[in-house]
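Asks: Dropping in my_file_18.cif, with mmCIF, C-alpha atoms.
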data_coords
#
loop_
_atom_site.label_atom_id
_atom_site.label_comp_id
_atom_site.auth_asym_id
_atom_site.auth_seq_id
_atom_site.Cartn_x
_atom_site.Cartn_y
_atom_site.Cartn_z
CA MET A 1 -27.66 6.37 -16.85
CA SER A 2 -24.53 6.83 -18.97
CA GLN A 3 -22.37 3.83 -19.81
CA ALA A 4 -19.49 5.28 -17.76
CA VAL A 5 -21.66 5.80 -14.70
CA ALA A 6 -23.16 2.35 -15.08
CA LYS A 7 -19.68 0.82 -15.13
CA GLN A 8 -18.74 2.58 -11.91
CA GLY A 9 -21.60 0.93 -10.12
CA ASP A 10 -23.65 2.44 -7.33
CA ARG A 11 -21.44 5.02 -5.59
CA SER A 12 -23.91 5.21 -2.73
CA ALA A 13 -23.64 1.48 -2.19
CA LYS A 14 -24.08 0.56 1.45
CA VAL A 15 -21.03 0.46 3.65
CA LYS A 16 -21.83 -1.70 6.65
CA ARG A 17 -20.03 -1.92 9.95
CA SER A 18 -18.71 -5.38 10.65
CA SER A 19 -18.08 -7.04 13.99
CA VAL A 20 -15.22 -9.03 12.46
CA LEU A 21 -11.93 -7.74 13.80
CA ASP A 22 -8.44 -8.75 12.84
CA VAL A 23 -5.36 -8.56 15.03
CA ASP A 24 -2.34 -6.32 14.74
CA ARG A 25 -0.27 -7.97 12.01
CA SER A 26 2.98 -6.11 12.68
CA GLU A 27 4.81 -9.42 13.18
CA GLU A 28 3.56 -10.79 9.87
CA PHE A 29 4.51 -7.54 8.13
CA GLN A 30 8.01 -7.74 9.56
CA TRP A 31 8.31 -11.34 8.38
CA LEU A 32 7.25 -10.32 4.88
CA LYS A 33 9.83 -7.55 4.76
CA GLU A 34 12.63 -9.79 5.97
CA ASN A 35 11.79 -12.70 3.68
CA ALA A 36 10.54 -10.99 0.53
CA GLN A 37 13.58 -11.93 -1.51
CA THR A 38 13.68 -15.56 -0.37
CA TYR A 39 10.05 -16.21 -1.25
CA SER A 40 9.80 -13.95 -4.29
CA GLY A 41 7.10 -15.16 -6.66
CA ARG A 42 5.53 -17.51 -4.11
CA TRP A 43 2.34 -17.45 -2.10
CA VAL A 44 2.97 -17.43 1.64
CA ALA A 45 0.75 -17.88 4.69
CA VAL A 46 2.24 -16.22 7.75
CA SER A 47 0.99 -16.26 11.33
CA GLY A 48 2.84 -14.12 13.84
CA ASN A 49 6.50 -14.27 12.94
CA GLU A 50 6.25 -17.81 11.55
CA LEU A 51 5.73 -19.13 8.06
CA VAL A 52 2.78 -21.53 8.05
CA ALA A 53 3.14 -22.61 4.42
CA ASP A 54 4.39 -21.47 1.05
CA ALA A 55 3.52 -22.63 -2.45
CA LEU A 56 3.77 -21.66 -6.08
CA THR A 57 -0.01 -21.41 -6.43
CA LEU A 58 -2.74 -20.20 -4.10
CA GLU A 59 -4.63 -23.45 -4.57
CA GLU A 60 -1.66 -25.46 -3.27
CA LEU A 61 -1.21 -23.06 -0.37
CA LEU A 62 -4.83 -23.38 0.71
CA LYS A 63 -4.61 -27.17 0.58
CA GLU A 64 -1.74 -27.01 3.04
CA THR A 65 -3.25 -24.44 5.40
CA SER A 66 -6.79 -25.86 5.44
CA SER A 67 -5.65 -28.93 7.34
CA ARG A 68 -3.69 -26.98 9.94
CA VAL A 69 -5.10 -26.00 13.31
CA LEU A 70 -3.97 -22.45 13.93
CA ALA A 71 -4.51 -20.03 16.79
CA ARG A 72 -5.41 -17.37 14.24
CA ARG A 73 -5.93 -17.30 10.50
CA PRO A 74 -2.71 -16.65 8.60
CA LEU A 75 -2.10 -13.58 6.51
CA VAL A 76 -1.90 -14.66 2.87
CA HIS A 77 0.15 -12.82 0.27
CA ARG A 78 1.99 -13.46 -2.98
CA LEU A 79 5.39 -11.86 -2.84
CA PRO A 80 6.30 -9.98 -6.03
CA MET B 1 -13.22 6.28 16.78
CA LEU B 2 -10.98 8.88 15.14
CA ARG B 3 -12.37 12.34 15.72
CA LEU B 4 -11.69 15.60 13.95
CA LYS B 5 -12.65 18.76 15.81
CA GLY B 6 -14.85 16.63 18.07
CA GLU B 7 -16.73 15.01 15.21
CA ALA B 8 -16.52 11.35 14.24
CA PHE B 9 -14.13 10.89 11.31
CA THR B 10 -13.62 7.16 10.92
CA GLY B 11 -14.40 4.09 13.00
CA GLY B 12 -11.65 1.62 12.15
CA ARG B 13 -7.90 1.55 12.42
CA ALA B 14 -5.47 -1.03 11.09
CA ARG B 15 -1.74 -1.23 10.66
CA PHE B 16 -0.59 -1.15 7.07
CA VAL B 17 2.68 -2.37 5.63
CA ASP B 18 4.76 -0.36 3.22
CA PHE B 19 7.27 -2.36 1.31
CA SER B 20 8.39 -2.62 -2.25
CA GLY B 21 9.48 -6.21 -2.68
CA LYS B 22 10.93 -6.85 -6.12
CA LEU B 23 8.89 -4.31 -7.99
CA ARG B 24 10.04 -2.58 -11.15
CA GLU B 25 9.43 0.76 -9.45
CA PRO B 26 11.25 0.28 -6.15
CA THR B 27 9.72 2.91 -3.85
CA ALA B 28 7.54 1.71 -0.97
CA LYS B 29 3.83 1.11 -1.58
CA VAL B 30 0.97 0.93 0.89
CA PHE B 31 -0.61 -2.48 1.44
CA VAL B 32 -3.72 -2.89 3.61
CA LYS B 33 -5.55 -5.94 4.93
CA ILE B 34 -8.82 -7.05 3.43
CA ARG B 35 -11.01 -10.12 3.49
CA VAL B 36 -12.42 -11.08 0.10
CA SER B 37 -15.96 -12.42 -0.14
CA ASP B 38 -16.48 -15.22 2.39
CA TRP B 39 -12.89 -16.45 2.27
CA SER B 40 -11.71 -16.16 5.88
CA ASP B 41 -7.98 -15.55 5.43
CA PRO B 42 -6.88 -11.92 5.34
CA VAL B 43 -4.91 -10.87 2.27
CA LEU B 44 -2.92 -7.78 1.35
CA ALA B 45 -3.89 -5.41 -1.42
CA GLN B 46 -2.13 -2.27 -2.59
CA LEU B 47 -3.95 0.97 -1.87
CA ASP B 48 -3.74 3.02 -5.07
CA THR B 49 -5.92 6.08 -5.51
CA GLY B 50 -4.36 6.55 -8.94
CA ALA B 51 -5.52 3.18 -10.24
CA ALA B 52 -8.42 3.36 -12.65
CA TRP B 53 -10.06 0.32 -11.09
CA SER B 54 -9.53 -2.07 -8.26
CA VAL B 55 -8.00 -5.29 -9.48
CA LEU B 56 -8.24 -8.77 -8.07
CA GLU B 57 -5.41 -11.22 -8.57
CA PRO B 58 -6.67 -14.02 -10.80
CA GLU B 59 -5.88 -16.76 -8.28
CA ILE B 60 -7.93 -14.99 -5.62
CA ALA B 61 -10.69 -14.39 -8.18
CA SER B 62 -10.64 -18.13 -8.87
CA VAL B 63 -10.93 -19.02 -5.17
CA ILE B 64 -14.07 -16.90 -4.78
CA GLY B 65 -15.54 -18.01 -8.12
CA VAL B 66 -15.46 -14.83 -10.22
CA LEU B 67 -12.94 -15.89 -12.84
CA ASP B 68 -15.59 -17.24 -15.18
CA GLY B 69 -15.64 -14.32 -17.62
CA SER B 70 -18.92 -12.88 -16.42
CA GLY B 71 -19.35 -9.15 -15.79
CA ASP B 72 -18.96 -6.07 -17.96
CA PRO B 73 -16.10 -6.28 -20.48
CA GLU B 74 -13.47 -3.61 -19.81
CA ARG B 75 -9.99 -2.62 -20.93
CA LEU B 76 -7.32 -1.26 -18.62
CA VAL B 77 -4.22 0.64 -19.71
CA THR B 78 -1.23 -0.40 -17.57
CA ARG B 79 2.56 -0.19 -17.59
CA ALA B 80 2.46 -3.63 -19.17
CA GLY B 81 0.17 -2.52 -21.98
CA VAL B 82 -3.57 -2.75 -22.47
CA ARG B 83 -5.26 -5.51 -20.47
CA ARG B 84 -8.67 -6.91 -21.26
CA GLY B 85 -10.94 -8.30 -18.61
CA HIS B 86 -14.30 -7.92 -16.90
CA LEU B 87 -15.70 -5.75 -14.13
CA VAL B 88 -17.33 -7.72 -11.34
CA ASP B 89 -18.85 -6.72 -8.01
CA VAL B 90 -17.07 -8.36 -5.10
CA PRO B 91 -17.89 -8.01 -1.41
CA ILE B 92 -14.83 -7.23 0.66
CA THR B 93 -14.10 -6.29 4.26
CA PHE B 94 -11.60 -3.67 5.28
CA LEU B 95 -10.23 -5.36 8.40
CA ALA B 96 -9.68 -3.27 11.51
CA ASP B 97 -7.34 -4.00 14.39
CA GLU B 98 -9.30 -1.56 16.53
CA GLY B 99 -12.74 -0.01 16.26
CA TYR B 100 -14.85 -1.68 13.62
CA SER B 101 -14.26 -3.22 10.22
CA ILE B 102 -16.43 -2.32 7.24
CA ASP B 103 -18.11 -4.45 4.61
CA ILE B 104 -18.52 -3.01 1.14
CA GLU B 105 -19.21 -4.29 -2.34
CA GLY B 106 -16.52 -3.00 -4.64
CA ARG B 107 -16.16 -3.14 -8.41
CA PHE B 108 -13.06 -5.09 -9.45
CA PHE B 109 -11.34 -5.62 -12.77
CA VAL B 110 -10.59 -9.30 -13.30
CA ASP B 111 -8.13 -10.45 -15.96
CA PRO B 112 -7.12 -14.14 -16.01
CA GLU B 113 -3.60 -13.18 -17.13
CA TRP B 114 -3.09 -10.22 -14.76
CA PRO B 115 0.61 -10.31 -13.80
CA PHE B 116 0.58 -7.97 -10.79
CA GLY B 117 -1.00 -8.12 -7.35
CA SER B 118 -4.37 -6.94 -6.10
CA PHE B 119 -5.12 -3.21 -6.10
CA LEU B 120 -7.69 -1.10 -4.32
CA GLY B 121 -8.50 1.72 -6.72
CA TYR B 122 -10.56 4.84 -6.49
CA THR B 123 -13.47 4.28 -8.83
CA GLY B 124 -16.01 1.82 -7.56
CA LEU B 125 -14.37 1.23 -4.18
CA LEU B 126 -12.37 3.96 -2.43
CA ASP B 127 -14.82 6.59 -3.68
CA ARG B 128 -17.40 4.99 -1.40
CA ILE B 129 -15.58 5.24 1.93
CA ARG B 130 -13.70 7.74 4.08
CA PHE B 131 -10.08 7.00 4.78
CA ALA B 132 -6.83 8.52 5.99
CA LEU B 133 -3.21 7.45 6.37
CA ASP B 134 -0.74 8.20 9.16
CA PRO B 135 2.50 7.14 7.43
CA PRO B 136 4.89 7.76 10.35
CA ARG B 137 2.84 5.30 12.42
CA ASN B 138 1.76 3.01 9.56
CA ASP B 139 -1.87 3.45 10.55
CA PHE B 140 -4.76 3.24 8.10
CA TYR B 141 -8.03 4.82 9.26
CA PHE B 142 -11.25 4.02 7.48
CA GLY B 143 -15.00 3.98 7.80
CA GLU B 144 -18.23 5.00 6.19
CA SER B 145 -18.72 8.64 5.26
CA LEU B 146 -20.55 10.24 8.16
CA GLY B 147 -21.40 13.58 6.61
CA ARG B 148 -19.36 16.67 5.87
CA LEU B 149 -17.06 17.74 8.68
CA LYS B 150 -16.90 21.28 10.00
CA LEU B 151 -13.33 22.53 10.21
CA THR B 152 -13.99 25.90 11.81
#
Output the structure of this file as C-alpha coordinates.
Replies:
Amino acid sequence: MSQAVAKQGDRSAKVKRSSVLDVDRSEEFQWLKENAQTYSGRWVAVSGNELVADALTLEELLKETSSRVLARRPLVHRLP
Amino acid sequence: MLRLKGEAFTGGRARFVDFSGKLREPTAKVFVKIRVSDWSDPVLAQLDTGAAWSVLEPEIASVIGVLDGSGDPERLVTRAGVRRGHLVDVPITFLADEGYSIDIEGRFFVDPEWPFGSFLGYTGLLDRIRFALDPPRNDFYFGESLGRLKLT
(Lines of atoms letter the chains of each structure in order from A and count residues from 1; the text may use other names and numbers.)
(Lines give C-alpha, C1' and ligand atoms only; values in the text may rest on other atoms or scores of the structure.)
Protein backbone atom coordinates (compact mmCIF):
# COMPACT_ATOMS: atom_id res chain seq x y z
CA MET A 1 0.00 0.00 0.00
CA SER A 2 1.44 3.38 -0.98
CA GLN A 3 2.01 6.03 1.68
CA ALA A 4 -0.63 8.27 0.07
CA VAL A 5 -3.24 5.53 0.05
CA ALA A 6 -2.39 4.57 3.61
CA LYS A 7 -2.92 8.16 4.72
CA GLN A 8 -6.35 8.26 3.13
CA GLY A 9 -7.47 5.35 5.22
CA ASP A 10 -9.89 2.64 4.18
CA ARG A 11 -12.16 4.14 1.51
CA SER A 12 -14.50 1.19 1.82
CA ALA A 13 -14.87 1.82 5.53
CA LYS A 14 -18.30 0.84 6.78
CA VAL A 15 -21.04 3.41 6.71
CA LYS A 16 -23.71 2.34 9.17
CA ARG A 17 -27.28 3.52 9.45
CA SER A 18 -28.02 5.11 12.77
CA SER A 19 -31.32 5.32 14.61
CA VAL A 20 -30.26 8.64 16.14
CA LEU A 21 -32.28 11.43 14.59
CA ASP A 22 -31.96 15.14 15.11
CA VAL A 23 -34.72 17.71 14.75
CA ASP A 24 -35.14 20.42 12.17
CA ARG A 25 -32.78 23.15 13.35
CA SER A 26 -34.17 25.96 11.20
CA GLU A 27 -34.83 28.07 14.30
CA GLU A 28 -31.27 27.64 15.54
CA PHE A 29 -29.93 28.48 12.07
CA GLN A 30 -31.99 31.65 11.99
CA TRP A 31 -30.70 32.61 15.43
CA LEU A 32 -27.12 32.11 14.27
CA LYS A 33 -27.66 34.28 11.22
CA GLU A 34 -29.26 37.08 13.22
CA ASN A 35 -26.69 37.05 16.02
CA ALA A 36 -23.46 36.20 14.21
CA GLN A 37 -22.00 39.66 14.64
CA THR A 38 -22.93 40.01 18.31
CA TYR A 39 -21.33 36.71 19.30
CA SER A 40 -18.43 36.75 16.85
CA GLY A 41 -15.52 34.71 18.17
CA ARG A 42 -17.58 33.01 20.88
CA TRP A 43 -18.94 29.52 21.34
CA VAL A 44 -22.72 29.43 21.54
CA ALA A 45 -25.26 26.77 22.48
CA VAL A 46 -28.64 27.44 20.90
CA SER A 47 -31.90 25.56 21.36
CA GLY A 48 -34.84 26.63 19.23
CA ASN A 49 -34.65 30.38 18.90
CA GLU A 50 -33.04 30.84 22.32
CA LEU A 51 -29.45 31.15 23.42
CA VAL A 52 -28.74 28.58 26.13
CA ALA A 53 -25.19 29.74 26.87
CA ASP A 54 -22.19 31.44 25.33
CA ALA A 55 -18.54 31.39 26.30
CA LEU A 56 -15.08 32.18 25.03
CA THR A 57 -14.02 28.53 25.18
CA LEU A 58 -15.84 25.29 24.48
CA GLU A 59 -14.84 23.94 27.88
CA GLU A 60 -16.57 26.85 29.63
CA LEU A 61 -19.63 26.45 27.43
CA LEU A 62 -19.97 22.76 28.25
CA LYS A 63 -19.68 23.48 31.97
CA GLU A 64 -22.65 25.80 31.67
CA THR A 65 -24.81 23.57 29.48
CA SER A 66 -24.09 20.28 31.29
CA SER A 67 -26.00 21.44 34.36
CA ARG A 68 -29.04 22.62 32.41
CA VAL A 69 -32.11 20.49 31.86
CA LEU A 70 -33.14 21.03 28.26
CA ALA A 71 -35.97 19.66 26.15
CA ARG A 72 -33.45 18.92 23.42
CA ARG A 73 -29.69 19.10 23.12
CA PRO A 74 -28.49 22.51 21.96
CA LEU A 75 -26.72 23.10 18.69
CA VAL A 76 -23.14 24.11 19.45
CA HIS A 77 -21.09 26.35 17.19
CA ARG A 78 -18.23 28.83 17.36
CA LEU A 79 -19.11 31.92 15.39
CA PRO A 80 -16.27 33.16 13.17
CA MET B 1 -35.74 7.85 1.09
CA LEU B 2 -34.71 10.01 -1.87
CA ARG B 3 -35.20 8.11 -5.10
CA LEU B 4 -33.78 8.69 -8.54
CA LYS B 5 -35.59 7.00 -11.42
CA GLY B 6 -37.25 4.71 -8.88
CA GLU B 7 -34.00 3.61 -7.28
CA ALA B 8 -32.89 4.46 -3.76
CA PHE B 9 -30.45 7.39 -3.80
CA THR B 10 -29.97 8.43 -0.20
CA GLY B 11 -31.69 7.68 3.10
CA GLY B 12 -31.24 10.82 5.16
CA ARG B 13 -32.23 14.44 4.82
CA ALA B 14 -31.26 17.39 7.00
CA ARG B 15 -31.54 21.12 6.74
CA PHE B 16 -28.25 22.90 6.25
CA VAL B 17 -27.42 26.50 6.97
CA ASP B 18 -25.56 28.72 4.56
CA PHE B 19 -24.07 31.78 6.10
CA SER B 20 -20.78 33.56 5.95
CA GLY B 21 -20.37 35.16 9.34
CA LYS B 22 -17.25 37.29 9.55
CA LEU B 23 -15.17 35.33 7.11
CA ARG B 24 -12.39 36.81 5.03
CA GLU B 25 -14.12 35.48 1.92
CA PRO B 26 -17.68 36.71 2.44
CA THR B 27 -19.79 34.45 0.20
CA ALA B 28 -22.11 31.95 1.86
CA LYS B 29 -20.77 28.52 2.82
CA VAL B 30 -22.62 25.30 3.53
CA PHE B 31 -22.66 24.09 7.13
CA VAL B 32 -24.16 20.71 8.06
CA LYS B 33 -24.93 19.07 11.39
CA ILE B 34 -22.77 16.30 12.74
CA ARG B 35 -22.24 14.55 16.04
CA VAL B 36 -18.59 13.92 16.87
CA SER B 37 -17.59 10.69 18.59
CA ASP B 38 -19.82 10.06 21.62
CA TRP B 39 -20.33 13.74 22.42
CA SER B 40 -24.11 14.18 22.28
CA ASP B 41 -24.42 17.82 21.22
CA PRO B 42 -24.75 18.45 17.49
CA VAL B 43 -22.18 20.81 15.99
CA LEU B 44 -21.83 22.52 12.63
CA ALA B 45 -19.06 21.80 10.17
CA GLN B 46 -18.44 23.33 6.78
CA LEU B 47 -18.97 21.02 3.83
CA ASP B 48 -15.99 21.55 1.53
CA THR B 49 -15.30 19.12 -1.30
CA GLY B 50 -12.27 21.22 -2.21
CA ALA B 51 -10.59 20.75 1.15
CA ALA B 52 -7.67 18.35 1.12
CA TRP B 53 -8.72 16.85 4.44
CA SER B 54 -11.46 17.15 6.97
CA VAL B 55 -10.38 19.27 9.89
CA LEU B 56 -11.52 19.21 13.48
CA GLU B 57 -11.44 22.38 15.54
CA PRO B 58 -8.86 21.91 18.29
CA GLU B 59 -11.33 22.57 21.10
CA ILE B 60 -13.64 19.85 19.79
CA ALA B 61 -10.63 17.56 19.31
CA SER B 62 -9.75 18.21 22.95
CA VAL B 63 -13.28 17.36 24.16
CA ILE B 64 -13.16 13.95 22.44
CA GLY B 65 -9.55 13.28 23.45
CA VAL B 66 -7.68 13.34 20.12
CA LEU B 67 -5.54 16.42 20.68
CA ASP B 68 -2.66 14.44 22.14
CA GLY B 69 -0.43 14.48 19.06
CA SER B 70 -1.05 10.87 18.11
CA GLY B 71 -1.79 9.87 14.51
CA ASP B 72 0.08 10.26 11.24
CA PRO B 73 2.02 13.54 10.93
CA GLU B 74 0.70 15.64 8.04
CA ARG B 75 1.07 19.12 6.57
CA LEU B 76 -1.78 21.11 5.11
CA VAL B 77 -1.42 24.10 2.78
CA THR B 78 -4.04 26.75 3.64
CA ARG B 79 -4.77 30.41 3.00
CA ALA B 80 -3.00 31.05 6.29
CA GLY B 81 0.13 29.20 5.23
CA VAL B 82 1.35 25.67 5.85
CA ARG B 83 -0.13 24.01 8.93
CA ARG B 84 1.38 21.00 10.64
CA GLY B 85 -0.70 18.48 12.49
CA HIS B 86 -1.75 14.84 12.62
CA LEU B 87 -4.31 12.69 10.86
CA VAL B 88 -6.62 10.83 13.21
CA ASP B 89 -9.64 8.60 12.66
CA VAL B 90 -12.75 10.01 14.30
CA PRO B 91 -16.22 8.48 14.34
CA ILE B 92 -18.89 10.98 13.39
CA THR B 93 -22.60 10.90 12.66
CA PHE B 94 -24.24 12.82 9.85
CA LEU B 95 -27.46 13.79 11.62
CA ALA B 96 -30.73 13.48 9.73
CA ASP B 97 -33.96 15.33 10.41
CA GLU B 98 -35.81 12.71 8.39
CA GLY B 99 -34.97 9.21 7.22
CA TYR B 100 -31.88 7.85 8.91
CA SER B 101 -28.58 9.26 10.10
CA ILE B 102 -25.29 7.57 9.22
CA ASP B 103 -22.27 6.70 11.31
CA ILE B 104 -18.87 6.76 9.66
CA GLU B 105 -15.27 6.89 10.73
CA GLY B 106 -13.60 9.78 8.97
CA ARG B 107 -9.97 10.84 8.78
CA PHE B 108 -9.44 14.31 10.27
CA PHE B 109 -6.50 16.67 10.34
CA VAL B 110 -5.92 17.96 13.86
CA ASP B 111 -3.73 20.99 14.50
CA PRO B 112 -3.66 22.46 18.04
CA GLU B 113 -3.30 25.98 16.60
CA TRP B 114 -5.89 25.65 13.80
CA PRO B 115 -7.53 29.10 13.54
CA PHE B 116 -10.61 28.21 11.46
CA GLY B 117 -13.66 26.05 12.07
CA SER B 118 -14.31 22.39 11.38
CA PHE B 119 -14.36 21.19 7.77
CA LEU B 120 -15.73 18.08 6.11
CA GLY B 121 -13.38 17.39 3.22
CA TYR B 122 -13.38 14.94 0.38
CA THR B 123 -10.49 12.61 1.09
CA GLY B 124 -11.10 10.21 3.91
CA LEU B 125 -14.70 11.25 4.57
CA LEU B 126 -16.96 12.53 1.78
CA ASP B 127 -15.41 10.05 -0.65
CA ARG B 128 -17.05 7.31 1.41
CA ILE B 129 -20.68 8.44 1.21
CA ARG B 130 -23.28 9.55 -1.31
CA PHE B 131 -24.63 13.05 -0.92
CA ALA B 132 -26.53 15.80 -2.71
CA LEU B 133 -27.54 19.38 -2.03
CA ASP B 134 -30.79 21.18 -2.83
CA PRO B 135 -29.67 24.79 -2.29
CA PRO B 136 -33.02 26.51 -2.94
CA ARG B 137 -34.52 24.43 -0.11
CA ASN B 138 -31.39 24.20 2.05
CA ASP B 139 -31.67 20.42 2.11
CA PHE B 140 -28.70 18.09 2.45
CA TYR B 141 -29.30 14.49 1.35
CA PHE B 142 -26.88 11.78 2.37
CA GLY B 143 -26.47 8.07 2.86
CA GLU B 144 -24.32 5.09 2.10
CA SER B 145 -23.51 4.33 -1.53
CA LEU B 146 -26.09 1.80 -2.68
CA GLY B 147 -24.59 0.84 -6.01
CA ARG B 148 -24.44 2.58 -9.36
CA LEU B 149 -27.70 4.15 -10.46
CA LYS B 150 -29.21 3.62 -13.88
CA LEU B 151 -30.18 6.90 -15.51
CA THR B 152 -31.80 5.53 -18.65
Asks: Using all atoms listed in the file, pick whichever of B:Asp41, B:Ala8, B:Glu144, B:Pro112 has the shortest atom-to-atom distance to Leu70 (chain A).
Replies: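 With all atoms listed in the file as the atom set, the closest residue is B:Asp41.
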Asks: Chain B residues within 8 Å of chain A, counting all atoms listed in the file: which ones, as a PDB file with C-alpha atoms, keeping the file's coordinate frame?
Replies:
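Final output, out.pdb:
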ATOM      1  CA  ALA B  14      -5.470  -1.030  11.090  1.00  0.00           C
ATOM      2  CA  ARG B  15      -1.740  -1.230  10.660  1.00  0.00           C
ATOM      3  CA  VAL B  17       2.680  -2.370   5.630  1.00  0.00           C
ATOM      4  CA  PHE B  19       7.270  -2.360   1.310  1.00  0.00           C
ATOM      5  CA  GLY B  21       9.480  -6.210  -2.680  1.00  0.00           C
ATOM      6  CA  LYS B  22      10.930  -6.850  -6.120  1.00  0.00           C
ATOM      7  CA  LEU B  23       8.890  -4.310  -7.990  1.00  0.00           C
ATOM      8  CA  SER B  40     -11.710 -16.160   5.880  1.00  0.00           C
ATOM      9  CA  ASP B  41      -7.980 -15.550   5.430  1.00  0.00           C
ATOM     10  CA  PRO B  42      -6.880 -11.920   5.340  1.00  0.00           C
ATOM     11  CA  VAL B  43      -4.910 -10.870   2.270  1.00  0.00           C
ATOM     12  CA  LEU B  44      -2.920  -7.780   1.350  1.00  0.00           C
ATOM     13  CA  GLU B  59      -5.880 -16.760  -8.280  1.00  0.00           C
ATOM     14  CA  ILE B  60      -7.930 -14.990  -5.620  1.00  0.00           C
ATOM     15  CA  VAL B  63     -10.930 -19.020  -5.170  1.00  0.00           C
ATOM     16  CA  ASP B  72     -18.960  -6.070 -17.960  1.00  0.00           C
ATOM     17  CA  LEU B  87     -15.700  -5.750 -14.130  1.00  0.00           C
ATOM     18  CA  THR B  93     -14.100  -6.290   4.260  1.00  0.00           C
ATOM     19  CA  LEU B  95     -10.230  -5.360   8.400  1.00  0.00           C
ATOM     20  CA  ALA B  96      -9.680  -3.270  11.510  1.00  0.00           C
ATOM     21  CA  ASP B  97      -7.340  -4.000  14.390  1.00  0.00           C
ATOM     22  CA  GLU B  98      -9.300  -1.560  16.530  1.00  0.00           C
ATOM     23  CA  TYR B 100     -14.850  -1.680  13.620  1.00  0.00           C
ATOM     24  CA  SER B 101     -14.260  -3.220  10.220  1.00  0.00           C
ATOM     25  CA  ILE B 102     -16.430  -2.320   7.240  1.00  0.00           C
ATOM     26  CA  ASP B 103     -18.110  -4.450   4.610  1.00  0.00           C
ATOM     27  CA  ILE B 104     -18.520  -3.010   1.140  1.00  0.00           C
ATOM     28  CA  GLU B 105     -19.210  -4.290  -2.340  1.00  0.00           C
ATOM     29  CA  ARG B 107     -16.160  -3.140  -8.410  1.00  0.00           C
ATOM     30  CA  PHE B 116       0.580  -7.970 -10.790  1.00  0.00           C
ATOM     31  CA  GLY B 117      -1.000  -8.120  -7.350  1.00  0.00           C
ATOM     32  CA  THR B 123     -13.470   4.280  -8.830  1.00  0.00           C
ATOM     33  CA  GLY B 124     -16.010   1.820  -7.560  1.00  0.00           C
ATOM     34  CA  ASP B 127     -14.820   6.590  -3.680  1.00  0.00           C
ATOM     35  CA  ARG B 128     -17.400   4.990  -1.400  1.00  0.00           C
ATOM     36  CA  ILE B 129     -15.580   5.240   1.930  1.00  0.00           C
ATOM     37  CA  GLU B 144     -18.230   5.000   6.190  1.00  0.00           C
TER      38      GLU B 144
END
Asks: Give the answer as one residue: which of B:Pro115, B:Arg13, B:Leu47, B:Lys150 has the shortest atom-to-atom distance to Lys29 (chain B), using all atoms listed in the file?
Replies: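 Under the stated criterion, the closest residue is B:Leu47.
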Asks: Evaluate the PyMOL selection byres ((chain B and resi 10) around 7) against this structure - the residues, as a PDB file with C-alpha atoms, in the coordinates of the input, please.
Replies:
ATOM      1  CA  MET B   1     -13.220   6.280  16.780  1.00  0.00           C
ATOM      2  CA  LEU B   2     -10.980   8.880  15.140  1.00  0.00           C
ATOM      3  CA  ALA B   8     -16.520  11.350  14.240  1.00  0.00           C
ATOM      4  CA  PHE B   9     -14.130  10.890  11.310  1.00  0.00           C
ATOM      5  CA  GLY B  11     -14.400   4.090  13.000  1.00  0.00           C
ATOM      6  CA  GLY B  12     -11.650   1.620  12.150  1.00  0.00           C
ATOM      7  CA  ARG B 130     -13.700   7.740   4.080  1.00  0.00           C
ATOM      8  CA  TYR B 141      -8.030   4.820   9.260  1.00  0.00           C
ATOM      9  CA  PHE B 142     -11.250   4.020   7.480  1.00  0.00           C
ATOM     10  CA  GLY B 143     -15.000   3.980   7.800  1.00  0.00           C
ATOM     11  CA  GLU B 144     -18.230   5.000   6.190  1.00  0.00           C
TER      12      GLU B 144
END
Asks: Please list, as a PyMOL selection string, the residues that have an atom at most 7 Å away from (-18.2, -12.6, 0.0) in the coordinates of this file, counting all atoms listed in the file.
Replies: chain B and resi 36-39+90-92
Asks: Figure out the distance between CA of Arg79 (chain B) and CA of Asp139 (chain B), please, to one decimal in Å.
Replies: 28.7 Å
Asks: To one decimal place, how far is CA of Val52 (chain A) from CA of Asn138 (chain B) in Å?
Replies: 24.6 Å
Asks: Please, what distance in Å, to one decimal, runs between CA of Ser54 (chain B) and CA of Ser145 (chain B)?
Replies: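 Straight-line distance from CA of Ser54 (chain B) to CA of Ser145 (chain B) works out to 19.5 Å.
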Asks: Nearest to Tyr122 (chain B): which of B:Phe109, B:Trp53, B:Phe94, B:Phe140 is it, counting all atoms listed in the file?
Replies: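 Distance minimum relative to Tyr122 (chain B) lands on B:Trp53.
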Asks: Please evaluate the PyMOL selection byres ((chain B and resi 50) around 8) against the displayed coordinates and give the resulting residues as a PyMOL selection string.
Replies: chain B and resi 48-49+51-52+121-122
